[in-house]
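Participant: Below you will find the structure I want to go over with you.
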Amino acid sequence: MEIVGAVDQDTRVAGQDLGVLLGGAANGVVIVSDPADLPAADLAIVATISDLHRVAGTLLPLLERSYNVLSISEELAYPWQSHPGLARRLDDTAKAHGVTVLGSGANPGLLMDTLPLLLTALTQRMESVCIRRRTNMSRYGAILSKFGLGPTTEEFATARSRGEVVGHYGFEQAIGALAAGLGWDLDSVDVAEVEPAVVTTSPRVGDHLRIEPGQITAVTHAARGVLKGEPVIDLEITFGFFEPADEMAAGDDYRIVGEEQVIDLGSSVGFDSFLSTIATAVNAAAAVVEARPGLLSMGDLPARSVAAKGEQRAARASLGATTSPD
């Protein structure tokens, strides 16, 4: 793939060379401030906001210009139950222009829906899914405020009452994708409020935020899908700045309860959400261009099409280095 254009509404960024902005050599791609000024291309990657109602204003015009579109907006991962009218509009627009639109990312997109759905293939009749994620957020920047990392507990309560702390976007979409794959017609999807989990007694330093003693260094957010009065999908994520001496550490635990067996899968290190989101989007990019038109989810794509592409990239680079310009 070749990057041919970039857009950012930030006036401090518009007009700069993309390669220079990323800390490398100039590549001739000048950042514009209006998507209408982008050149024609096979694919647009939208990496902006989580709220689907807001990001749709970017997605729809791109589809109407016949771009295939991949977005890391969490609410695009599987919006058929949570945003049925908007999902239909995106699907109809994409099909009308012969292109594909896909929501991709770590969670939802892969770690809280597609991966556990694949694990359910190990049992013939599913009873419940339980996922516990504890993910390190020290590499993130501006979005940390929506999780509530950094304030005191009193400041957190005030900010949450004002709607300034929302926690994790994407629970409804992850649960919807899992339920659809399993054929479950859920009674409800219940999303709890995000809650403080750990107040630090020592400074925590991330790439873009320093958390002082007495401030919140981890929060927990959870949601459940209920079927016939029983919780059958139970998701919980703790977001934080973790250190080796902490009682709580980054890690991931999956429990798939089936009729024949219980499948437990855990990682004491966990999946890095920052790196995983980037990799999932990059690896899925070519698959979006080649996929059938319409609104798709990660579960609609063949596993081989979204597998790591590093070996292919290295092979092409080697070929380019040894082939003469003629």
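For the structure tokens, the naming scheme is as follows: chains receive sequential letters (A, B, ...) according to their order of presentation, residues are indexed from 1 within each chain, and ligands are indexed from 1 in presentation order.
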Taking a cut-off of 10 Å and counting only C-alpha atoms, can you build a table that, for each residue of segment 39-69 of chain A near segment 6-22 of chain A, reports the nearest atom pair and how far apart they are in Å (one decimal), sorted by chain then residue number, as JSON lines?
Facilitator:
{"residue": "A:Pro39", "atom": "CA", "partner": "A:Ala6", "partner_atom": "CA", "distance": 9.1}
{"residue": "A:Ala44", "atom": "CA", "partner": "A:Ala6", "partner_atom": "CA", "distance": 9.1}
{"residue": "A:Ile45", "atom": "CA", "partner": "A:Ala6", "partner_atom": "CA", "distance": 9.4}
{"residue": "A:Val46", "atom": "CA", "partner": "A:Val7", "partner_atom": "CA", "distance": 9.5}
{"residue": "A:Thr48", "atom": "CA", "partner": "A:Asp8", "partner_atom": "CA", "distance": 9.2}
Participant: With only C-alpha atoms as the counted atoms, please give the residues lying no more than 6 Å from segment 211-224 of chain A, apart from itself and same-chain residues fewer than 6 positions off, as a list in words.
Facilitator: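 Skipping anything fewer than 6 positions along the chain leaves Leu149, Gly150, Pro151, Thr152, Val189, Asp190, Val191, Ala192, Val194, Glu195, Pro196, Ala197, Val198, Val199, Thr200, Thr201, Ser202, Pro203, Arg204, Ile233, Asp234, Leu235, Glu236, Ile237, Thr238, Phe239, Gly240 and Phe241 of chain A.
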Participant: If you run DSSP over the backbone, which residues in segment 180-302 of chain A end up strand (DSSP E or B)? Put them as number ranges by chain.
Facilitator: A: 188-191, 195-199, 204-205, 210-211, 216-227, 230-240, 251-258, 262-267, 294-296
Participant: A:Gly28, A:Ser276, A:Pro293, A:Phe156: which is nearest Gly5 of chain A, counting only C-alpha atoms?
Facilitator: A:Gly28
Participant: So which one's closest to Glu230 of chain A, A:Tyr254, A:Val129, A:Arg292, A:Leu178? Using only C-alpha atoms, please.
Facilitator: A:Val129
Participant: Which residue, A:Glu260, A:Glu2, A:Glu154, A:Glu311, has the smallest gap to Ala41 of chain A when you use only C-alpha atoms?
Facilitator: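 Nearest to Ala41 of chain A: A:Glu2.
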Participant: Quick one: residues within 10 Å of Asp300 of chain A, only C-alpha atoms, excluding same-chain residues fewer than 3 positions away - as a ChimeraX atom specification?
Facilitator: /A:102,114,291-292,295-297,303
Participant: Could you pull the residues within 12 Å of Ser71 of chain A, counting only C-alpha atoms, minus those fewer than 4 positions along the same chain, as a ChimeraX atom specification?
Facilitator: /A:43-52,55-56,58-60,62,75-78,100-106,108-109,277-278,280-282,284-285,288,295-298
Participant: I'd like to know which of A:Pro116, A:Gly148, A:Pro35, A:Pro79 is closest to Glu164 of chain A, using only C-alpha atoms.
Facilitator: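 The answer is A:Gly148, which sits nearest to Glu164 of chain A.
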Participant: To one decimal in Å, tell me the separation between atom CA of Val262 of chain A and atom CA of Glu74 of chain A.
Facilitator: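 Pair atom CA of Val262 of chain A / atom CA of Glu74 of chain A returns 29.0 Å.
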Participant: For Lys228 of chain A, work out the shell of residues within 10 Å, counting only C-alpha atoms and skipping chain neighbours fewer than 6 positions away, then give it as a PyMOL selection string.
Facilitator: chain A and resi 185-188
Participant: Please, could you write that set of residues out with C-alpha atoms as a short mmCIF file (atom, residue, chain, number, x, y, z; two decimals), in the first residue's frame?
Facilitator:
data_model
loop_
_atom_site.label_atom_id
_atom_site.label_comp_id
_atom_site.auth_asym_id
_atom_site.auth_seq_id
_atom_site.Cartn_x
_atom_site.Cartn_y
_atom_site.Cartn_z
CA ASP A 185 -31.60 -13.13 20.93
CA LEU A 186 -30.67 -11.28 24.11
CA ASP A 187 -33.19 -9.80 26.52
CA SER A 188 -30.94 -6.83 27.19
#
Participant: Determine the nearest neighbour of Gly183 of chain A from the options A:Ile143, A:Ile131, A:Val165, A:Leu117, counting only C-alpha atoms.
Facilitator: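 Under the stated criterion, the closest residue is A:Leu117.
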Participant: Would you mind reading off the distance between atom CA of Leu227 of chain A and atom CA of Met112 of chain A, one decimal, in Å?
Facilitator: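 Going from atom CA of Leu227 of chain A over to atom CA of Met112 of chain A, I get 18.3 Å.
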Participant: Quick one: pick out all helix (DSSP H, G or I) residues within segment 75-313 of chain A from a backbone DSSP run and write them as a PyMOL selection string.
Facilitator: chain A and resi 75-76+84-96+114-122+144-147+153-161+171-182+273-290+298-300+303-306+310-313
Participant: Could you state the separation of atom CA of Met1 of chain A and atom CA of Ala307 of chain A in Å, given to one decimal place?
Facilitator: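 Separation between atom CA of Met1 of chain A and atom CA of Ala307 of chain A: 15.9 Å.
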